[in-house]
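Source file: input-v9.pdb; contents: PDB, C-alpha atoms.
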```
ATOM      1  CA  MET A  23       0.000   0.000   0.000  1.00  0.00           C
ATOM      2  CA  LEU A  24       1.332   3.402  -0.983  1.00  0.00           C
ATOM      3  CA  ARG A  25       0.193   6.450   0.947  1.00  0.00           C
ATOM      4  CA  ILE A  26       0.217   9.609  -1.096  1.00  0.00           C
ATOM      5  CA  VAL A  27      -0.029  12.871   0.796  1.00  0.00           C
ATOM      6  CA  TYR A  28      -1.280  15.827  -1.218  1.00  0.00           C
ATOM      7  CA  ARG A  29      -0.634  19.362  -0.131  1.00  0.00           C
ATOM      8  CA  CYS A  30      -3.094  21.845  -1.543  1.00  0.00           C
ATOM      9  CA  ARG A  31      -1.883  25.386  -1.971  1.00  0.00           C
ATOM     10  CA  CYS A  32      -4.765  27.650  -2.814  1.00  0.00           C
ATOM     11  CA  THR A  33      -4.874  31.360  -3.397  1.00  0.00           C
ATOM     12  CA  HIS A  34      -8.378  32.610  -2.731  1.00  0.00           C
ATOM     13  CA  LYS A  35      -9.919  36.028  -2.678  1.00  0.00           C
ATOM     14  CA  TYR A  36      -9.988  35.864   1.127  1.00  0.00           C
ATOM     15  CA  ASN A  37      -6.588  34.109   1.559  1.00  0.00           C
ATOM     16  CA  ASN A  38      -8.181  30.894   2.751  1.00  0.00           C
ATOM     17  CA  VAL A  39      -5.825  27.928   2.892  1.00  0.00           C
ATOM     18  CA  CYS A  40      -7.135  24.447   2.243  1.00  0.00           C
ATOM     19  CA  ASP A  41      -6.394  21.578   4.584  1.00  0.00           C
ATOM     20  CA  LEU A  42      -4.217  18.639   3.622  1.00  0.00           C
ATOM     21  CA  ILE A  43      -5.960  16.038   1.541  1.00  0.00           C
ATOM     22  CA  PHE A  44      -5.108  12.418   2.220  1.00  0.00           C
ATOM     23  CA  GLN A  45      -5.725   9.743  -0.336  1.00  0.00           C
ATOM     24  CA  GLU A  46      -5.101   6.027   0.109  1.00  0.00           C
ATOM     25  CA  ALA A  47      -4.235   4.166  -3.046  1.00  0.00           C
ATOM     26  CA  THR A  48      -2.555   1.016  -4.193  1.00  0.00           C
ATOM     27  CA  SER A  49      -0.529   2.825  -6.841  1.00  0.00           C
ATOM     28  CA  PRO A  50      -0.123   6.411  -8.052  1.00  0.00           C
ATOM     29  CA  ALA A  51      -2.087   5.542 -11.220  1.00  0.00           C
ATOM     30  CA  SER A  52      -5.184   4.619  -9.200  1.00  0.00           C
ATOM     31  CA  ILE A  53      -5.473   8.048  -7.581  1.00  0.00           C
ATOM     32  CA  PRO A  54      -8.486   9.914  -8.954  1.00  0.00           C
ATOM     33  CA  ASP A  55      -8.250  13.526 -10.018  1.00  0.00           C
ATOM     34  CA  LEU A  56      -8.922  15.710  -7.029  1.00  0.00           C
ATOM     35  CA  PRO A  57     -11.834  18.116  -7.355  1.00  0.00           C
ATOM     36  CA  VAL A  58     -10.970  21.774  -7.656  1.00  0.00           C
ATOM     37  CA  THR A  59     -13.382  23.869  -5.629  1.00  0.00           C
ATOM     38  CA  SER A  60     -13.104  27.418  -4.463  1.00  0.00           C
ATOM     39  CA  GLU A  61     -15.159  30.323  -3.290  1.00  0.00           C
ATOM     40  CA  ASN A  62     -13.803  32.416  -6.094  1.00  0.00           C
ATOM     41  CA  SER A  63     -13.652  31.474  -9.761  1.00  0.00           C
ATOM     42  CA  SER A  64     -10.319  33.252 -10.122  1.00  0.00           C
ATOM     43  CA  ALA A  65      -8.686  31.094  -7.452  1.00  0.00           C
ATOM     44  CA  VAL A  66      -5.479  29.439  -8.465  1.00  0.00           C
ATOM     45  CA  VAL A  67      -5.329  25.902  -7.126  1.00  0.00           C
ATOM     46  CA  THR A  68      -2.369  23.602  -7.535  1.00  0.00           C
ATOM     47  CA  TYR A  69      -1.835  20.192  -6.055  1.00  0.00           C
ATOM     48  CA  GLN A  70       1.548  18.697  -5.508  1.00  0.00           C
ATOM     49  CA  ILE A  71       2.696  15.470  -3.992  1.00  0.00           C
ATOM     50  CA  ALA A  72       4.429  16.477  -0.794  1.00  0.00           C
ATOM     51  CA  GLU A  73       5.687  13.047   0.182  1.00  0.00           C
ATOM     52  CA  GLN A  74       5.289   9.465  -0.818  1.00  0.00           C
ATOM     53  CA  ILE A  75       5.780   7.175   2.152  1.00  0.00           C
ATOM     54  CA  LEU A  76       6.663   3.725   0.901  1.00  0.00           C
ATOM     55  CA  GLU A  77       5.901   0.447   2.699  1.00  0.00           C
ATOM     56  CA  ASN A  78       9.443   0.149   4.047  1.00  0.00           C
ATOM     57  CA  GLN A  79       9.085   3.534   5.779  1.00  0.00           C
ATOM     58  CA  GLU A  80      11.099   5.457   3.224  1.00  0.00           C
ATOM     59  CA  VAL A  81      10.092   8.839   1.891  1.00  0.00           C
ATOM     60  CA  ASP A  82      10.465   9.646  -1.801  1.00  0.00           C
ATOM     61  CA  ILE A  83      11.827  13.193  -1.728  1.00  0.00           C
ATOM     62  CA  GLY A  84      11.812  13.618  -5.495  1.00  0.00           C
ATOM     63  CA  GLU A  85      13.741  12.429  -8.552  1.00  0.00           C
ATOM     64  CA  GLY A  86      13.329   8.835  -7.326  1.00  0.00           C
ATOM     65  CA  VAL A  87      15.499   9.459  -4.252  1.00  0.00           C
ATOM     66  CA  ALA A  88      14.210   7.826  -1.066  1.00  0.00           C
ATOM     67  CA  ILE A  89      15.402   8.218   2.520  1.00  0.00           C
ATOM     68  CA  HIS A  90      14.212   6.758   5.826  1.00  0.00           C
ATOM     69  CA  SER A  91      11.131   8.575   7.130  1.00  0.00           C
ATOM     70  CA  GLU A  92      12.575   9.168  10.623  1.00  0.00           C
ATOM     71  CA  LYS A  93      15.691  10.794   9.153  1.00  0.00           C
ATOM     72  CA  TRP A  94      13.495  12.909   6.873  1.00  0.00           C
ATOM     73  CA  LYS A  95      11.477  14.172   9.863  1.00  0.00           C
ATOM     74  CA  LYS A  96      14.708  15.060  11.700  1.00  0.00           C
ATOM     75  CA  ILE A  97      16.096  16.884   8.660  1.00  0.00           C
ATOM     76  CA  GLN A  98      12.888  18.865   8.177  1.00  0.00           C
ATOM     77  CA  ALA A  99      12.993  19.961  11.822  1.00  0.00           C
ATOM     78  CA  ASN A 100      16.267  21.855  11.291  1.00  0.00           C
ATOM     79  CA  LEU A 101      16.097  25.574  11.872  1.00  0.00           C
ATOM     80  CA  LYS A 102      19.182  26.503   9.846  1.00  0.00           C
ATOM     81  CA  ASP A 103      19.430  26.335   6.059  1.00  0.00           C
ATOM     82  CA  SER A 104      22.955  24.951   6.142  1.00  0.00           C
ATOM     83  CA  LEU A 105      22.074  22.119   8.518  1.00  0.00           C
ATOM     84  CA  PHE A 106      19.077  21.144   6.393  1.00  0.00           C
ATOM     85  CA  VAL A 107      21.212  20.877   3.248  1.00  0.00           C
ATOM     86  CA  LYS A 108      24.231  19.244   4.900  1.00  0.00           C
ATOM     87  CA  GLU A 109      22.264  16.588   6.771  1.00  0.00           C
ATOM     88  CA  LEU A 110      20.183  15.819   3.689  1.00  0.00           C
ATOM     89  CA  ALA A 111      23.355  15.453   1.593  1.00  0.00           C
ATOM     90  CA  VAL A 112      24.888  12.986   4.065  1.00  0.00           C
ATOM     91  CA  CYS A 113      21.627  11.066   4.207  1.00  0.00           C
ATOM     92  CA  ILE A 114      21.444  10.791   0.408  1.00  0.00           C
ATOM     93  CA  TRP A 115      25.110  10.212  -0.533  1.00  0.00           C
ATOM     94  CA  ARG A 116      26.731   9.003   2.722  1.00  0.00           C
ATOM     95  CA  THR A 117      30.019  10.470   3.933  1.00  0.00           C
ATOM     96  CA  SER A 118      32.209   7.946   2.096  1.00  0.00           C
ATOM     97  CA  THR A 119      30.729   8.995  -1.247  1.00  0.00           C
ATOM     98  CA  LEU A 120      30.772  12.721  -0.512  1.00  0.00           C
ATOM     99  CA  ALA A 121      34.453  12.536   0.432  1.00  0.00           C
ATOM    100  CA  ASN A 122      35.303  11.490  -3.120  1.00  0.00           C
ATOM    101  CA  ARG A 123      33.020  13.926  -4.968  1.00  0.00           C
ATOM    102  CA  SER A 124      32.926  17.578  -5.867  1.00  0.00           C
ATOM    103  CA  LEU A 125      30.014  19.860  -6.591  1.00  0.00           C
ATOM    104  CA  GLU A 126      30.607  20.218 -10.337  1.00  0.00           C
ATOM    105  CA  GLY A 127      33.428  17.780 -11.096  1.00  0.00           C
ATOM    106  CA  LYS A 128      36.056  20.471 -11.615  1.00  0.00           C
ATOM    107  CA  SER A 129      39.646  20.012 -10.499  1.00  0.00           C
ATOM    108  CA  CYS A 130      41.134  22.263  -7.857  1.00  0.00           C
ATOM    109  CA  PRO A 131      43.680  24.509  -9.610  1.00  0.00           C
ATOM    110  CA  THR A 132      46.017  24.733  -6.610  1.00  0.00           C
ATOM    111  CA  THR A 133      46.037  21.330  -4.933  1.00  0.00           C
ATOM    112  CA  LYS A 134      44.678  18.457  -7.020  1.00  0.00           C
ATOM    113  CA  PRO A 135      45.326  17.878 -10.717  1.00  0.00           C
ATOM    114  CA  ASP A 136      42.699  15.124 -11.095  1.00  0.00           C
ATOM    115  CA  PRO A 137      39.087  16.235 -10.816  1.00  0.00           C
ATOM    116  CA  ARG A 138      36.724  14.336  -8.573  1.00  0.00           C
ATOM    117  CA  PRO A 139      33.460  13.160 -10.105  1.00  0.00           C
ATOM    118  CA  PRO A 140      30.525  15.553  -9.663  1.00  0.00           C
ATOM    119  CA  LEU A 141      27.577  14.879  -7.395  1.00  0.00           C
ATOM    120  CA  THR A 142      24.919  12.693  -9.014  1.00  0.00           C
ATOM    121  CA  PRO A 143      22.718  15.107 -11.015  1.00  0.00           C
ATOM    122  CA  HIS A 144      19.332  13.619 -10.129  1.00  0.00           C
ATOM    123  CA  LYS A 145      20.214  13.520  -6.430  1.00  0.00           C
ATOM    124  CA  TYR A 146      21.427  17.109  -6.633  1.00  0.00           C
ATOM    125  CA  ARG A 147      18.104  18.091  -8.232  1.00  0.00           C
ATOM    126  CA  ALA A 148      16.265  16.238  -5.436  1.00  0.00           C
ATOM    127  CA  ILE A 149      18.154  18.212  -2.780  1.00  0.00           C
ATOM    128  CA  LYS A 150      17.568  21.447  -4.676  1.00  0.00           C
ATOM    129  CA  GLY A 151      13.828  20.760  -4.875  1.00  0.00           C
ATOM    130  CA  CYS A 152      13.578  19.771  -1.207  1.00  0.00           C
ATOM    131  CA  PHE A 153      15.540  22.830  -0.123  1.00  0.00           C
ATOM    132  CA  GLN A 154      13.313  25.094  -2.227  1.00  0.00           C
ATOM    133  CA  LYS A 155      10.126  23.605  -0.719  1.00  0.00           C
ATOM    134  CA  TRP A 156      11.591  23.792   2.786  1.00  0.00           C
ATOM    135  CA  LEU A 157      12.436  27.471   2.271  1.00  0.00           C
ATOM    136  CA  GLU A 158       8.986  28.213   0.836  1.00  0.00           C
ATOM    137  CA  GLY A 159       7.482  26.810   4.015  1.00  0.00           C
ATOM    138  CA  LYS A 160       9.388  29.415   6.034  1.00  0.00           C
ATOM    139  CA  ASP A 161       7.451  32.393   4.591  1.00  0.00           C
ATOM    140  CA  PHE A 162      10.400  34.456   3.394  1.00  0.00           C
ATOM    141  CA  GLU A 163      10.014  37.340   0.984  1.00  0.00           C
ATOM    142  CA  GLU A 164      10.891  36.549  -2.625  1.00  0.00           C
ATOM    143  CA  ALA A 165      14.302  38.265  -2.531  1.00  0.00           C
ATOM    144  CA  GLU A 166      15.281  36.507   0.703  1.00  0.00           C
ATOM    145  CA  LEU A 167      14.064  33.182  -0.669  1.00  0.00           C
ATOM    146  CA  LYS A 168      16.240  33.536  -3.792  1.00  0.00           C
ATOM    147  CA  ALA A 169      19.276  34.595  -1.755  1.00  0.00           C
ATOM    148  CA  ARG A 170      18.976  31.620   0.583  1.00  0.00           C
ATOM    149  CA  ALA A 171      18.285  29.144  -2.234  1.00  0.00           C
ATOM    150  CA  GLY A 172      21.400  30.421  -4.009  1.00  0.00           C
ATOM    151  CA  LYS A 173      23.586  29.184  -1.158  1.00  0.00           C
ATOM    152  CA  LEU A 174      22.839  25.507  -1.851  1.00  0.00           C
ATOM    153  CA  GLY A 175      26.139  24.891  -3.662  1.00  0.00           C
ATOM    154  CA  ARG A 176      28.102  26.624  -0.937  1.00  0.00           C
ATOM    155  CA  TYR A 177      26.518  24.424   1.755  1.00  0.00           C
ATOM    156  CA  LEU A 178      27.234  21.241  -0.211  1.00  0.00           C
ATOM    157  CA  THR A 179      30.838  22.278  -0.826  1.00  0.00           C
ATOM    158  CA  GLU A 180      31.291  23.096   2.863  1.00  0.00           C
ATOM    159  CA  GLN A 181      29.972  19.654   3.806  1.00  0.00           C
ATOM    160  CA  ILE A 182      32.380  17.937   1.402  1.00  0.00           C
ATOM    161  CA  GLN A 183      35.264  20.001   2.805  1.00  0.00           C
ATOM    162  CA  ASP A 184      34.267  19.205   6.410  1.00  0.00           C
ATOM    163  CA  ILE A 185      34.158  15.473   5.652  1.00  0.00           C
ATOM    164  CA  ASN A 186      37.571  15.556   3.979  1.00  0.00           C
ATOM    165  CA  LYS A 187      39.003  17.595   6.856  1.00  0.00           C
ATOM    166  CA  LYS A 188      37.836  14.940   9.348  1.00  0.00           C
ATOM    167  CA  ILE A 189      39.301  12.163   7.204  1.00  0.00           C
ATOM    168  CA  ASN A 190      42.647  13.982   6.977  1.00  0.00           C
ATOM    169  CA  GLN A 191      42.698  14.557  10.747  1.00  0.00           C
ATOM    170  CA  LYS A 192      42.056  10.866  11.396  1.00  0.00           C
ATOM    171  CA  SER A 193      44.871   9.855   9.063  1.00  0.00           C
ATOM    172  CA  GLU A 194      47.269  12.288  10.790  1.00  0.00           C
ATOM    173  CA  PHE A 195      46.470  10.742  14.177  1.00  0.00           C
ATOM    174  CA  ALA A 196      47.067   7.263  12.780  1.00  0.00           C
ATOM    175  CA  TYR A 197      50.714   8.163  12.037  1.00  0.00           C
ATOM    176  CA  MET A 198      51.408   9.527  15.519  1.00  0.00           C
TER     177      MET A 198
END
```

Representation of the structure as structure tokens:
Amino acid sequence: MLRIVYRCRCTHKYNNVCDLIFQEATSPASIPDLPVTSENSSAVVTYQIAEQILENQEVDIGEGVAIHSEKWKKIQANLKDSLFVKELAVCIWRTSTLANRSLEGKSCPTTKPDPRPPLTPHKYRAIKGCFQKWLEGKDFEEAELKARAGKLGRYLTEQIQDINKKINQKSEFAYM
């Protein structure tokens, strides 16, 4: 059984917000079209799948990327943008993979001649989409939202650097 959770975002004349709509289904194809009703004919109503909780308690966060539902709840509870992105990256790629990747696959001009492979594009898009939705839920103004969303690459790069720094520190202690 697949539980699909729909989040309705409506813009009405009186700024009413619709409640969450829950629909049980055996597959996404068996979900009927949801009725569009409003008090105002000019209302703009869009439905989007907020989460798909699979039988094994994993959440599909987009682009076919699934993580454990308890970890997803913990990540969503973060108050800081950087912690949201960094914890989500570790949850998706694991530290061992992130240590051997770079954001875009470019080589470092000063230290390493061989470039590391870039982050998996569909997983990067999943993080980008999740981060965007998470930010939208924080009720920032449009300019602030764009500024914060633009820091995604910086947060991912910082996480990769932090992981590599910890690995290098462990290897230094091993020689002592």

For CA of Arg123 (chain A) and CA of Glu166 (chain A), determine how far apart the two atoms are, in Å to one decimal place.
29.3 Å

Min atom-atom distance to Ile97 (chain A) from the set A:Phe162, A:Phe195, A:Trp115, A:Trp156, counting only C-alpha atoms, belongs to A:Trp156

note - CA of Ala99 (chain A) and CA of Leu120 (chain A) are separated by 22.8 Å

List the spatial neighbours of Arg170 (chain A) as a ChimeraX atom specification - criterion: any atom at most 8 Å away, only C-alpha atoms, same-chain residues fewer than 3 positions off excluded.
/A:103,157,166-167,173-174

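When the PyMOL selection byres ((chain A and resi 154) around 10) is run on the displayed coordinates, the residues it returns are Ala148, Ile149, Lys150, Gly151, Cys152, Phe153, Lys155, Trp156, Leu157, Glu158, Gly159, Leu167, Lys168, Arg170, Ala171, Gly172 and Leu174 of chain A.
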
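Taking CA of Ser91 (chain A) and CA of Leu105 (chain A) as endpoints, the distance between them is 17.5 Å.
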
Set the distance at 10 Å and use all atoms listed in the file: which residues neighbour Ser104 (chain A) once local chain neighbours fewer than 2 positions away are removed? I'd like the list as a list in words.
Asn100, Leu101, Lys102, Phe106, Val107, Lys108, Glu109, Leu110, Phe153, Arg170, Lys173, Leu174, Arg176, Tyr177, Leu178, Glu180 and Gln181 of chain A
